[in-house]
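**Student:** First the structure, then my questions, so here it is.
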Amino acid sequence: MDSRIPLYFTKHPYDISGTEKYFMRAIRENFSYHILHNPDYAEIVRRELGFKRRGRGELAEEAASLIRVEEDISLIPPIPTAFFKRKRLWTMKPWQLPVKATSSGTEGKRSEMAYDCQSIIFGGALAGKLCSFHGLFSLRPANYIILGYEPHRTNKTVITKTQFISSFFAPPIRRSYALKYEEGGYTLNKKGLFRDLMSFCRSGFPVRIIGFPAYFFFLLKTLDRAGIRMKLPEGSMVLLGGGWKKFEGSKVDIIELSGLAEKVLGIKPESIREFFGAAEHPGLYCSCKNHHFHVPCYSRVIIRDETSLKPLDYGEPGILNLITPIAHSIPLISVMTDDIAVLHRGEDCGCGIKTDYFEIIKRVGLSEIETCSQTADRLMRDK
Amino acid sequence: MKAKEFREEINRTLIRENMTCERTLKACEVLLKRLSEGCYDAKLEKIRDFLPFTGNGKVYISDEISNLINSDILRERLKKELPPGREPLGVLLHIGAGNVPGLGAYSVIEGLLAGNINILKPASVDAPISGFILRELVKAEPELKPYIYMFEIPSTHASAVPKLKELISLSDAVSVWGGDRTIKAVRELAGADKKLIEWGHKFSFVYISRAGLKDRAAIKDLAKHIQDTGMRLCSSCQTVYVEGGSKEDMRLLREELNASLKQGPDIKDAAETLRRYTEKLMSELPAGSGEEERYDFLGCPLISADREDMFERLRADSHSLQTVGLICVGDEEEELSRLFIRAGATRIRRPSEMSAYIPGEAHDGKFPLYEYTKRAEYL
């Protein structure tokens with residue numbers, strides 16, 4: 001049986017010890033699958049692991065046999081997100097891949113990502129488990145403020161798709177977008193957004209604000225400067241994701257952001273949840289009540305040294321490397337993002353979730369790595 | 001400020017006596033001194049986070065600014081570029097690009113030296129740094145204030161067109177930096193009667209002759225140049241043409257370039273680590289893998305070419321050619337230089353000097369200060 005099935009359909013999304021054997025087996029299966037079916041990836045693995053030239057079957061077997069315990073996962077060559085922007089490393093044929101998406105908006109280079117049927121099912125299962133665990137689903141209809149792009153057929157970015165999907169966590173009554181698609185481009189819908197927020201507030205139904213943290217911060221600042229104080233209806237939530245990107249300079253920590261949100265919107269800090277994800281890593285990280293990203297049983301996190309790329313210990317900042325056995329479409333098994341992060345022991349959090357958690361410190365200033373909110377930035381700057 | 005008041009304010013400044021370039025030079029000197037004393041370090045560090053550039057931020061930006069505002073270089077330029085009898089155009093609108101930090105401010109400084117009133121619409125990525133330079137210039141020399149205006153107008157925003165049209169109508173000339181699309185858009189907005197001074201995106205490349213392929217030192221310089229400038233400047237090598245390059249030649253050249261890279265300076269940060277690691281993985285891909293066989297080094301394509309076809313190949317883009325880096329042997333130099341200048345290039349350099357600024361040299365075959373002035377005939 002495919003080891004991913006017991007892993008992704010496990011009951012508890014943070015049950016690492018109960019699922020470890022499935023995870024390790026799934027990793028070995030996934031590693032060997034990509035070596036067998038993807039000649040480019042096989043060559044990278046061969047050269048990175050220093051194997052002599054040999055058949056792919058033999059290579060797949062030998063390489064997978066190196067991954068015995070969790071510490072061995074770091075041997076799998078991590079592929080940087082920038083690599084996917086330069087080279088399509090697809091293992092499966094395009095017609096076998098029903099969902100295709102890109103990592104970035106209209107600016108910069110894009111990673112062309114694609115997901116096979118199985119990984120979509122597993123992805124759905126893990127997202128459902130995690131969101132349900134964190135209490136994000138509700139049957140009570142809600143109004144949505146989306147601090148991101150209005151979906152349009154020309155916009156293929158993962159973040160727009162995820163923001164849209166998130167607007168079904170509670171049955172949607174209305175959606176109001178910060179960046180509206182008009183006359184062939186996106187424009188900032190500042191007035192409409194404020195007007196809708198006011199009217200949603202009076203409607204009595206919960207309000208859900210979804211979007212980039214920087215834009216949520218700018219929204220709060222604008223309201224605060226104007227002396228506006230609101231009380232969002234009971235059951236309202238803020239779901240943030242997509243990172244600060246080019247607004248790294250204005251970044252405030254989540255505690256400060258929550259404080260400001262409580263002051264301006266009257267929303268409790270525990271109702272503000274952050275997500276972390278990357279187009280090149282079909283996994284989801286949802287912050288706990290202490291605003292930490294715990295690693296669920298479906299993936300692992302390695303922090304690598306900024307110069308030697310060697311794995312680092314807890315508490316040491318380095319490049320974030322995410323591990324998942326989910327996809328057959330592309331070797332996304334070990335992906336190195338452009339984030340500098342630190343890994344902490346689970347017990348240091350105190351929220352009740354026992355798995356390790358990571359903290360994003362900053363983004364690497366690599367010009368090739370330009371992602372989704374870059375275009376949005378330019379539009380928002382006219383705030 | 002309302003449009004009408006702005007127009008009146010500009011007109012009042014215009015009919016006053018011309019501002020002397022000495023004031024600008026003095027302000028540049030003050031700025032340069034404060035920069036070298038480290039007064040702006042903290043501020044520049046903060047601005048750095050907004051820049052899409054890599055490298056050792058603070059030092060890098062300081063160096064860029066220092067090069068741009070060195071008053072000795074500017075004085076030389078005044079002597080060389082402005083013959084007697086030149087008068088300012090009046091009001092210059094600068095539409096900046098984002099490839100070099102401070103480019104917008106630099107364009108304004110050139111406009112000031114030529115005695116103009118300057119309105120800057122910076123590229124969004126350049127707005128923090130150019131805004132900072134211009135504010136500090138005015139602090140150093142408050143008399144410059146009525147000669148400098150800056151408006152942040154995101155180009156993609158719906159209100160950009162009417163705002164830009166308004167600014168264009170106030171100006172005597174528009175100095176526009178950017179790619180073909182920007183220039184075309186500004187040409188349309190400006191109408192037939194407005195003088196446009198275009199600093200378009202330029203294409204610069206390196207040509208390696210058969211004999212040049214053996215020049216290890218020059219190839220090492222080329223690797224360094226591509227690594228340092230990252231194809232970001234008009235004068236950065238954006239393609240390498242290899243004369244009669246076979247597949248084997250191309251692979252060997254790429255390996256040699258990559259090998260030079262490894263001997264380069266120490267890795268300073270995670271960005272550099274990721275860049276090099278990505279490059280290493282790219283070079284590990286089997287030959288002929290993927291959609292097409294492509295050779296490149298740090299994203300710069302390596303293309304096989306024949307000398308006979310080069311003229312034809314380049315003529316279609318003659319308007320955008322700028323610097324050609326030559327790797328060849330002595331007796332080929334004259335022939336190749338002539339070929340590329342005739343094809344449209346304006347500078348022939350060694351790879352190591354492609355992006356070096358040589359005081360007094362023209363930009364895209366033109367003298368900016370001359371372009372920002374007119375010849376006036378008095379009684």
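By convention in this document, the chains of the structure tokens carry letters A, B, ... by their order, each chain's residues are numbered from 1, and ligands are numbered from 1 in the order they are shown.
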For region 114-128 of chain A, work out the shell of residues within 10 Å, counting only C-alpha atoms and skipping chain neighbours fewer than 4 positions away, then give it as an MDAnalysis selection string.
**Tutor:** chainID A and resid 4:5 7:10 13 88 90 92:102 132:134 136:137 169 279:280 282:286 296:298 325:330
**Student:** Next, dump the selected residues to file, keeping only C-alpha atoms, as an mmCIF file, in the first residue's frame.
**Tutor:**
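The resulting file, again_30.cif, is shown below:
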data_model
loop_
_atom_site.group_PDB
_atom_site.id
_atom_site.type_symbol
_atom_site.label_atom_id
_atom_site.label_comp_id
_atom_site.auth_asym_id
_atom_site.auth_seq_id
_atom_site.Cartn_x
_atom_site.Cartn_y
_atom_site.Cartn_z
ATOM 1 C CA ARG A 4 1.003 8.193 2.005
ATOM 2 C CA ILE A 5 -2.524 6.875 2.603
ATOM 3 C CA LEU A 7 -0.010 9.226 6.724
ATOM 4 C CA TYR A 8 -2.427 11.730 5.186
ATOM 5 C CA PHE A 9 -5.547 10.091 6.572
ATOM 6 C CA THR A 10 -4.277 9.866 10.114
ATOM 7 C CA PRO A 13 -2.475 16.149 12.291
ATOM 8 C CA ARG A 88 10.549 22.734 -15.167
ATOM 9 C CA TRP A 90 8.255 17.753 -13.842
ATOM 10 C CA MET A 92 4.835 13.405 -14.748
ATOM 11 C CA LYS A 93 3.472 14.419 -18.164
ATOM 12 C CA PRO A 94 1.401 17.633 -18.332
ATOM 13 C CA TRP A 95 -1.773 15.721 -19.301
ATOM 14 C CA GLN A 96 -1.510 13.696 -16.100
ATOM 15 C CA LEU A 97 -1.609 16.843 -13.974
ATOM 16 C CA PRO A 98 -5.057 18.370 -13.492
ATOM 17 C CA VAL A 99 -4.002 21.409 -11.427
ATOM 18 C CA LYS A 100 -1.357 23.823 -12.638
ATOM 19 C CA ALA A 101 -0.358 27.013 -10.885
ATOM 20 C CA THR A 102 2.444 29.513 -10.707
ATOM 21 C CA SER A 132 -10.547 21.604 11.434
ATOM 22 C CA PHE A 133 -7.992 21.074 14.226
ATOM 23 C CA HIS A 134 -7.458 24.841 14.473
ATOM 24 C CA LEU A 136 -11.248 27.458 11.211
ATOM 25 C CA PHE A 137 -14.403 25.854 9.812
ATOM 26 C CA PHE A 169 -14.213 27.931 5.457
ATOM 27 C CA ALA A 279 3.798 27.142 -3.997
ATOM 28 C CA GLU A 280 6.736 24.735 -4.207
ATOM 29 C CA PRO A 282 2.197 21.594 -0.957
ATOM 30 C CA GLY A 283 1.846 21.643 2.790
ATOM 31 C CA LEU A 284 0.214 23.953 5.238
ATOM 32 C CA TYR A 285 1.346 25.458 8.485
ATOM 33 C CA CYS A 286 -1.234 27.157 10.663
ATOM 34 C CA PRO A 296 2.439 18.672 11.322
ATOM 35 C CA CYS A 297 3.050 14.958 10.841
ATOM 36 C CA TYR A 298 2.907 15.331 7.028
ATOM 37 C CA PRO A 325 6.473 13.073 0.378
ATOM 38 C CA ILE A 326 3.152 14.294 -1.044
ATOM 39 C CA ALA A 327 3.733 14.790 -4.780
ATOM 40 C CA HIS A 328 4.494 12.508 -7.696
ATOM 41 C CA SER A 329 4.098 15.375 -10.170
ATOM 42 C CA ILE A 330 7.368 17.173 -9.357
#
**Student:** With a distance cut-off of 8 Å and only C-alpha atoms, select the neighbouring residues of region 224-233 of chain B, excluding the residue or stretch itself and same-chain residues fewer than 6 positions from it, and output the selection as a list in words.
**Tutor:**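 Using only C-alpha atoms, the neighbours found are Asn99, Val100, Ser260, Leu261, Gly264, Leu298, Cys300, Pro351, Ser352, Met354 and Ser355 of chain B.
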**Student:** I need the residues of region 119-352 of chain B that end up classed as strand (DSSP E) by DSSP on the backbone, written out as a VMD selection string.
**Tutor:** chain B and resid 119 to 121 148 to 150 173 to 178 195 to 200 203 to 208 237 to 243 296 to 297 300 to 305 321 to 327 347 to 349
**Student:** Write out, as a compact mmCIF listing (two decimals), in the first residue's frame, the residues just selected, with C-alpha atoms.
**Tutor:**
# COMPACT_ATOMS: atom_id res chain seq x y z
CA ILE B 119 10.08 66.91 -11.52
CA LEU B 120 10.82 63.28 -10.75
CA LYS B 121 8.50 60.32 -11.05
CA ILE B 148 13.18 69.73 -7.21
CA TYR B 149 9.80 67.98 -7.03
CA MET B 150 9.07 64.31 -6.64
CA ALA B 173 11.05 68.08 -21.99
CA VAL B 174 10.69 64.57 -20.62
CA SER B 175 13.72 62.52 -19.72
CA VAL B 176 12.53 58.93 -19.70
CA TRP B 177 14.42 55.88 -18.48
CA GLY B 178 13.05 52.43 -19.12
CA LYS B 195 10.78 66.92 -26.55
CA LEU B 196 11.61 63.44 -25.28
CA ILE B 197 15.08 62.50 -24.09
CA GLU B 198 15.15 58.75 -24.04
CA TRP B 199 17.45 56.58 -22.01
CA GLY B 200 16.04 53.26 -23.06
CA PHE B 203 21.51 45.63 -24.80
CA SER B 204 25.16 44.97 -24.10
CA PHE B 205 26.95 41.75 -24.86
CA VAL B 206 30.29 40.02 -25.02
CA TYR B 207 31.72 38.57 -28.21
CA ILE B 208 34.37 35.87 -27.93
CA CYS B 237 26.71 41.74 -20.41
CA GLN B 238 23.32 40.22 -21.20
CA THR B 239 24.42 37.62 -23.75
CA VAL B 240 27.72 36.00 -24.61
CA TYR B 241 28.26 35.24 -28.31
CA VAL B 242 30.82 32.56 -28.98
CA GLU B 243 32.28 32.56 -32.48
CA ASP B 296 23.80 29.95 -19.65
CA PHE B 297 25.84 31.33 -16.83
CA CYS B 300 23.17 35.06 -19.01
CA PRO B 301 22.71 33.05 -22.25
CA LEU B 302 25.76 31.70 -24.05
CA ILE B 303 25.04 31.54 -27.78
CA SER B 304 27.05 30.23 -30.67
CA ALA B 305 27.38 32.75 -33.51
CA LEU B 321 22.80 48.35 -28.59
CA GLN B 322 25.20 49.86 -26.08
CA THR B 323 28.39 48.21 -24.83
CA VAL B 324 30.24 45.36 -26.50
CA GLY B 325 32.83 43.48 -24.49
CA LEU B 326 35.48 41.96 -26.73
CA ILE B 327 37.51 38.86 -26.03
CA ARG B 347 31.05 51.53 -26.58
CA ILE B 348 33.66 48.82 -27.08
CA ARG B 349 35.32 47.63 -23.88
**Student:** Using only C-alpha atoms, pick whichever of A:Gly50, A:Gly350, A:Pro331, A:Gly57 has the shortest atom-to-atom distance to Leu89 (chain A).
**Tutor:**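 Closest residue, counting only C-alpha atoms: A:Pro331.
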**Student:** Using DSSP on the backbone coordinates, identify the residues of region 149-359 of chain A assigned to helix (DSSP H, G or I); present them as a PDB file with N, CA and C atoms, in the first residue's frame.
**Tutor:**
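Just written: states.pdb:
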ATOM      1  N   VAL A 158      -0.803  30.826  -6.854  1.00  0.00           N
ATOM      2  CA  VAL A 158      -1.285  29.931  -5.805  1.00  0.00           C
ATOM      3  C   VAL A 158      -1.957  30.729  -4.696  1.00  0.00           C
ATOM      4  N   ILE A 159      -1.371  31.889  -4.358  1.00  0.00           N
ATOM      5  CA  ILE A 159      -1.895  32.644  -3.218  1.00  0.00           C
ATOM      6  C   ILE A 159      -3.338  33.105  -3.480  1.00  0.00           C
ATOM      7  N   THR A 160      -3.633  33.501  -4.732  1.00  0.00           N
ATOM      8  CA  THR A 160      -4.997  33.937  -5.053  1.00  0.00           C
ATOM      9  C   THR A 160      -5.957  32.758  -4.930  1.00  0.00           C
ATOM     10  N   LYS A 161      -5.487  31.598  -5.396  1.00  0.00           N
ATOM     11  CA  LYS A 161      -6.341  30.408  -5.294  1.00  0.00           C
ATOM     12  C   LYS A 161      -6.578  30.045  -3.827  1.00  0.00           C
ATOM     13  N   THR A 162      -5.513  30.072  -3.022  1.00  0.00           N
ATOM     14  CA  THR A 162      -5.689  29.682  -1.613  1.00  0.00           C
ATOM     15  C   THR A 162      -6.569  30.685  -0.868  1.00  0.00           C
ATOM     16  N   GLN A 163      -6.377  31.967  -1.171  1.00  0.00           N
ATOM     17  CA  GLN A 163      -7.220  32.957  -0.490  1.00  0.00           C
ATOM     18  C   GLN A 163      -8.687  32.730  -0.846  1.00  0.00           C
ATOM     19  N   PHE A 164      -8.921  32.384  -2.111  1.00  0.00           N
ATOM     20  CA  PHE A 164     -10.306  32.156  -2.543  1.00  0.00           C
ATOM     21  C   PHE A 164     -10.878  30.915  -1.848  1.00  0.00           C
ATOM     22  N   ILE A 165     -10.077  29.842  -1.816  1.00  0.00           N
ATOM     23  CA  ILE A 165     -10.555  28.612  -1.155  1.00  0.00           C
ATOM     24  C   ILE A 165     -10.865  28.894   0.320  1.00  0.00           C
ATOM     25  N   SER A 166      -9.986  29.708   0.952  1.00  0.00           N
ATOM     26  CA  SER A 166     -10.198  30.013   2.375  1.00  0.00           C
ATOM     27  C   SER A 166     -11.513  30.734   2.611  1.00  0.00           C
ATOM     28  N   LYS A 190      -9.595  50.921  -2.333  1.00  0.00           N
ATOM     29  CA  LYS A 190      -9.497  51.384  -0.946  1.00  0.00           C
ATOM     30  C   LYS A 190     -10.858  51.814  -0.402  1.00  0.00           C
ATOM     31  N   LYS A 191     -11.539  52.682  -1.165  1.00  0.00           N
ATOM     32  CA  LYS A 191     -12.821  53.212  -0.684  1.00  0.00           C
ATOM     33  C   LYS A 191     -13.844  52.105  -0.501  1.00  0.00           C
ATOM     34  N   GLY A 192     -13.953  51.236  -1.541  1.00  0.00           N
ATOM     35  CA  GLY A 192     -14.935  50.156  -1.496  1.00  0.00           C
ATOM     36  C   GLY A 192     -14.681  49.234  -0.310  1.00  0.00           C
ATOM     37  N   LEU A 193     -13.412  49.005  -0.038  1.00  0.00           N
ATOM     38  CA  LEU A 193     -13.039  48.098   1.039  1.00  0.00           C
ATOM     39  C   LEU A 193     -13.472  48.658   2.399  1.00  0.00           C
ATOM     40  N   PHE A 194     -13.201  49.934   2.625  1.00  0.00           N
ATOM     41  CA  PHE A 194     -13.588  50.552   3.906  1.00  0.00           C
ATOM     42  C   PHE A 194     -15.117  50.564   4.047  1.00  0.00           C
ATOM     43  N   ARG A 195     -15.770  50.879   2.941  1.00  0.00           N
ATOM     44  CA  ARG A 195     -17.231  50.953   2.981  1.00  0.00           C
ATOM     45  C   ARG A 195     -17.811  49.572   3.330  1.00  0.00           C
ATOM     46  N   ASP A 196     -17.252  48.530   2.667  1.00  0.00           N
ATOM     47  CA  ASP A 196     -17.740  47.177   2.922  1.00  0.00           C
ATOM     48  C   ASP A 196     -17.445  46.730   4.349  1.00  0.00           C
ATOM     49  N   LEU A 197     -16.264  47.079   4.826  1.00  0.00           N
ATOM     50  CA  LEU A 197     -15.903  46.683   6.190  1.00  0.00           C
ATOM     51  C   LEU A 197     -16.906  47.266   7.190  1.00  0.00           C
ATOM     52  N   MET A 198     -17.238  48.535   6.994  1.00  0.00           N
ATOM     53  CA  MET A 198     -18.219  49.194   7.884  1.00  0.00           C
ATOM     54  C   MET A 198     -19.566  48.466   7.806  1.00  0.00           C
ATOM     55  N   SER A 199     -20.004  48.194   6.577  1.00  0.00           N
ATOM     56  CA  SER A 199     -21.340  47.598   6.460  1.00  0.00           C
ATOM     57  C   SER A 199     -21.338  46.148   6.961  1.00  0.00           C
ATOM     58  N   PHE A 200     -20.235  45.419   6.728  1.00  0.00           N
ATOM     59  CA  PHE A 200     -20.140  44.040   7.240  1.00  0.00           C
ATOM     60  C   PHE A 200     -20.223  44.050   8.768  1.00  0.00           C
ATOM     61  N   CYS A 201     -19.591  45.056   9.342  1.00  0.00           N
ATOM     62  CA  CYS A 201     -19.517  45.170  10.788  1.00  0.00           C
ATOM     63  C   CYS A 201     -20.917  45.319  11.397  1.00  0.00           C
ATOM     64  N   ARG A 202     -21.760  46.044  10.668  1.00  0.00           N
ATOM     65  CA  ARG A 202     -23.121  46.290  11.167  1.00  0.00           C
ATOM     66  C   ARG A 202     -24.061  45.112  10.887  1.00  0.00           C
ATOM     67  N   SER A 203     -23.664  44.210   9.992  1.00  0.00           N
ATOM     68  CA  SER A 203     -24.591  43.165   9.540  1.00  0.00           C
ATOM     69  C   SER A 203     -24.900  42.112  10.606  1.00  0.00           C
ATOM     70  N   PRO A 213      -0.209  39.785   5.475  1.00  0.00           N
ATOM     71  CA  PRO A 213      -0.104  40.485   6.755  1.00  0.00           C
ATOM     72  C   PRO A 213       0.218  41.984   6.606  1.00  0.00           C
ATOM     73  N   ALA A 214       1.048  42.306   5.598  1.00  0.00           N
ATOM     74  CA  ALA A 214       1.430  43.720   5.432  1.00  0.00           C
ATOM     75  C   ALA A 214       0.194  44.565   5.149  1.00  0.00           C
ATOM     76  N   TYR A 215      -0.699  44.031   4.334  1.00  0.00           N
ATOM     77  CA  TYR A 215      -1.874  44.811   3.964  1.00  0.00           C
ATOM     78  C   TYR A 215      -2.836  44.931   5.134  1.00  0.00           C
ATOM     79  N   PHE A 216      -2.887  43.873   5.957  1.00  0.00           N
ATOM     80  CA  PHE A 216      -3.720  43.942   7.146  1.00  0.00           C
ATOM     81  C   PHE A 216      -3.173  45.039   8.065  1.00  0.00           C
ATOM     82  N   PHE A 217      -1.857  45.081   8.166  1.00  0.00           N
ATOM     83  CA  PHE A 217      -1.215  46.107   8.996  1.00  0.00           C
ATOM     84  C   PHE A 217      -1.521  47.508   8.454  1.00  0.00           C
ATOM     85  N   PHE A 218      -1.394  47.671   7.135  1.00  0.00           N
ATOM     86  CA  PHE A 218      -1.664  48.997   6.551  1.00  0.00           C
ATOM     87  C   PHE A 218      -3.123  49.393   6.754  1.00  0.00           C
ATOM     88  N   LEU A 219      -4.021  48.396   6.650  1.00  0.00           N
ATOM     89  CA  LEU A 219      -5.443  48.669   6.856  1.00  0.00           C
ATOM     90  C   LEU A 219      -5.670  49.167   8.282  1.00  0.00           C
ATOM     91  N   LEU A 220      -5.063  48.436   9.245  1.00  0.00           N
ATOM     92  CA  LEU A 220      -5.223  48.820  10.647  1.00  0.00           C
ATOM     93  C   LEU A 220      -4.655  50.206  10.904  1.00  0.00           C
ATOM     94  N   LYS A 221      -3.477  50.480  10.328  1.00  0.00           N
ATOM     95  CA  LYS A 221      -2.831  51.783  10.526  1.00  0.00           C
ATOM     96  C   LYS A 221      -3.724  52.903  10.010  1.00  0.00           C
ATOM     97  N   THR A 222      -4.293  52.670   8.808  1.00  0.00           N
ATOM     98  CA  THR A 222      -5.134  53.707   8.205  1.00  0.00           C
ATOM     99  C   THR A 222      -6.353  53.974   9.095  1.00  0.00           C
ATOM    100  N   LEU A 223      -6.973  52.889   9.566  1.00  0.00           N
ATOM    101  CA  LEU A 223      -8.152  53.052  10.417  1.00  0.00           C
ATOM    102  C   LEU A 223      -7.759  53.733  11.731  1.00  0.00           C
ATOM    103  N   ASP A 224      -6.607  53.318  12.262  1.00  0.00           N
ATOM    104  CA  ASP A 224      -6.150  53.859  13.542  1.00  0.00           C
ATOM    105  C   ASP A 224      -5.870  55.356  13.435  1.00  0.00           C
ATOM    106  N   ARG A 225      -5.182  55.719  12.331  1.00  0.00           N
ATOM    107  CA  ARG A 225      -4.853  57.139  12.133  1.00  0.00           C
ATOM    108  C   ARG A 225      -6.115  57.979  12.031  1.00  0.00           C
ATOM    109  N   LYS A 245       7.014  39.973   2.300  1.00  0.00           N
ATOM    110  CA  LYS A 245       7.687  40.242   1.029  1.00  0.00           C
ATOM    111  C   LYS A 245       8.427  41.582   1.043  1.00  0.00           C
ATOM    112  N   LYS A 246       8.078  42.455   0.087  1.00  0.00           N
ATOM    113  CA  LYS A 246       8.836  43.699  -0.057  1.00  0.00           C
ATOM    114  C   LYS A 246       8.606  44.669   1.115  1.00  0.00           C
ATOM    115  N   PHE A 247       7.633  44.373   1.967  1.00  0.00           N
ATOM    116  CA  PHE A 247       7.373  45.264   3.092  1.00  0.00           C
ATOM    117  C   PHE A 247       8.107  44.795   4.338  1.00  0.00           C
ATOM    118  N   GLU A 248       9.135  43.971   4.098  1.00  0.00           N
ATOM    119  CA  GLU A 248       9.934  43.438   5.204  1.00  0.00           C
ATOM    120  C   GLU A 248      10.366  44.580   6.135  1.00  0.00           C
ATOM    121  N   GLY A 249      10.664  45.735   5.551  1.00  0.00           N
ATOM    122  CA  GLY A 249      11.118  46.881   6.337  1.00  0.00           C
ATOM    123  C   GLY A 249      10.052  47.386   7.295  1.00  0.00           C
ATOM    124  N   SER A 250       8.779  47.208   6.963  1.00  0.00           N
ATOM    125  CA  SER A 250       7.708  47.703   7.839  1.00  0.00           C
ATOM    126  C   SER A 250       7.194  46.587   8.744  1.00  0.00           C
ATOM    127  N   ILE A 254       3.784  39.568  15.205  1.00  0.00           N
ATOM    128  CA  ILE A 254       2.378  39.217  15.256  1.00  0.00           C
ATOM    129  C   ILE A 254       1.725  39.711  16.554  1.00  0.00           C
ATOM    130  N   ILE A 255       2.509  39.809  17.617  1.00  0.00           N
ATOM    131  CA  ILE A 255       1.965  40.267  18.903  1.00  0.00           C
ATOM    132  C   ILE A 255       1.522  41.729  18.761  1.00  0.00           C
ATOM    133  N   GLU A 256       2.405  42.533  18.129  1.00  0.00           N
ATOM    134  CA  GLU A 256       2.088  43.950  17.946  1.00  0.00           C
ATOM    135  C   GLU A 256       0.890  44.103  17.004  1.00  0.00           C
ATOM    136  N   LEU A 257       0.897  43.268  15.965  1.00  0.00           N
ATOM    137  CA  LEU A 257      -0.190  43.322  14.987  1.00  0.00           C
ATOM    138  C   LEU A 257      -1.522  42.959  15.664  1.00  0.00           C
ATOM    139  N   SER A 258      -1.491  41.921  16.495  1.00  0.00           N
ATOM    140  CA  SER A 258      -2.708  41.496  17.181  1.00  0.00           C
ATOM    141  C   SER A 258      -3.197  42.595  18.123  1.00  0.00           C
ATOM    142  N   GLY A 259      -2.253  43.256  18.798  1.00  0.00           N
ATOM    143  CA  GLY A 259      -2.615  44.332  19.731  1.00  0.00           C
ATOM    144  C   GLY A 259      -3.340  45.445  19.003  1.00  0.00           C
ATOM    145  N   LEU A 260      -2.785  45.805  17.849  1.00  0.00           N
ATOM    146  CA  LEU A 260      -3.385  46.886  17.050  1.00  0.00           C
ATOM    147  C   LEU A 260      -4.764  46.458  16.549  1.00  0.00           C
ATOM    148  N   ALA A 261      -4.881  45.160  16.161  1.00  0.00           N
ATOM    149  CA  ALA A 261      -6.157  44.665  15.650  1.00  0.00           C
ATOM    150  C   ALA A 261      -7.216  44.680  16.759  1.00  0.00           C
ATOM    151  N   GLU A 262      -6.803  44.357  17.965  1.00  0.00           N
ATOM    152  CA  GLU A 262      -7.738  44.357  19.086  1.00  0.00           C
ATOM    153  C   GLU A 262      -8.226  45.782  19.352  1.00  0.00           C
ATOM    154  N   LYS A 263      -7.272  46.728  19.268  1.00  0.00           N
ATOM    155  CA  LYS A 263      -7.605  48.137  19.529  1.00  0.00           C
ATOM    156  C   LYS A 263      -8.562  48.679  18.462  1.00  0.00           C
ATOM    157  N   VAL A 264      -8.270  48.389  17.199  1.00  0.00           N
ATOM    158  CA  VAL A 264      -9.030  49.008  16.111  1.00  0.00           C
ATOM    159  C   VAL A 264     -10.294  48.215  15.751  1.00  0.00           C
ATOM    160  N   LEU A 265     -10.162  46.882  15.700  1.00  0.00           N
ATOM    161  CA  LEU A 265     -11.303  46.079  15.233  1.00  0.00           C
ATOM    162  C   LEU A 265     -12.004  45.328  16.358  1.00  0.00           C
ATOM    163  N   PRO A 269      -6.783  38.437  20.100  1.00  0.00           N
ATOM    164  CA  PRO A 269      -5.565  37.930  19.455  1.00  0.00           C
ATOM    165  C   PRO A 269      -5.691  36.469  19.005  1.00  0.00           C
ATOM    166  N   GLU A 270      -6.421  35.641  19.782  1.00  0.00           N
ATOM    167  CA  GLU A 270      -6.496  34.228  19.384  1.00  0.00           C
ATOM    168  C   GLU A 270      -7.363  34.014  18.140  1.00  0.00           C
ATOM    169  N   SER A 271      -8.097  35.042  17.733  1.00  0.00           N
ATOM    170  CA  SER A 271      -8.887  34.921  16.501  1.00  0.00           C
ATOM    171  C   SER A 271      -8.071  35.313  15.275  1.00  0.00           C
ATOM    172  N   GLY A 346       9.185  21.746  20.380  1.00  0.00           N
ATOM    173  CA  GLY A 346       7.747  21.882  20.562  1.00  0.00           C
ATOM    174  C   GLY A 346       7.343  22.294  21.966  1.00  0.00           C
ATOM    175  N   GLU A 347       8.046  21.695  22.957  1.00  0.00           N
ATOM    176  CA  GLU A 347       7.622  21.959  24.339  1.00  0.00           C
ATOM    177  C   GLU A 347       7.842  23.406  24.778  1.00  0.00           C
ATOM    178  N   ASP A 348       8.711  24.152  24.046  1.00  0.00           N
ATOM    179  CA  ASP A 348       8.959  25.542  24.432  1.00  0.00           C
ATOM    180  C   ASP A 348       7.760  26.446  24.175  1.00  0.00           C
TER     181      ASP A 348
END
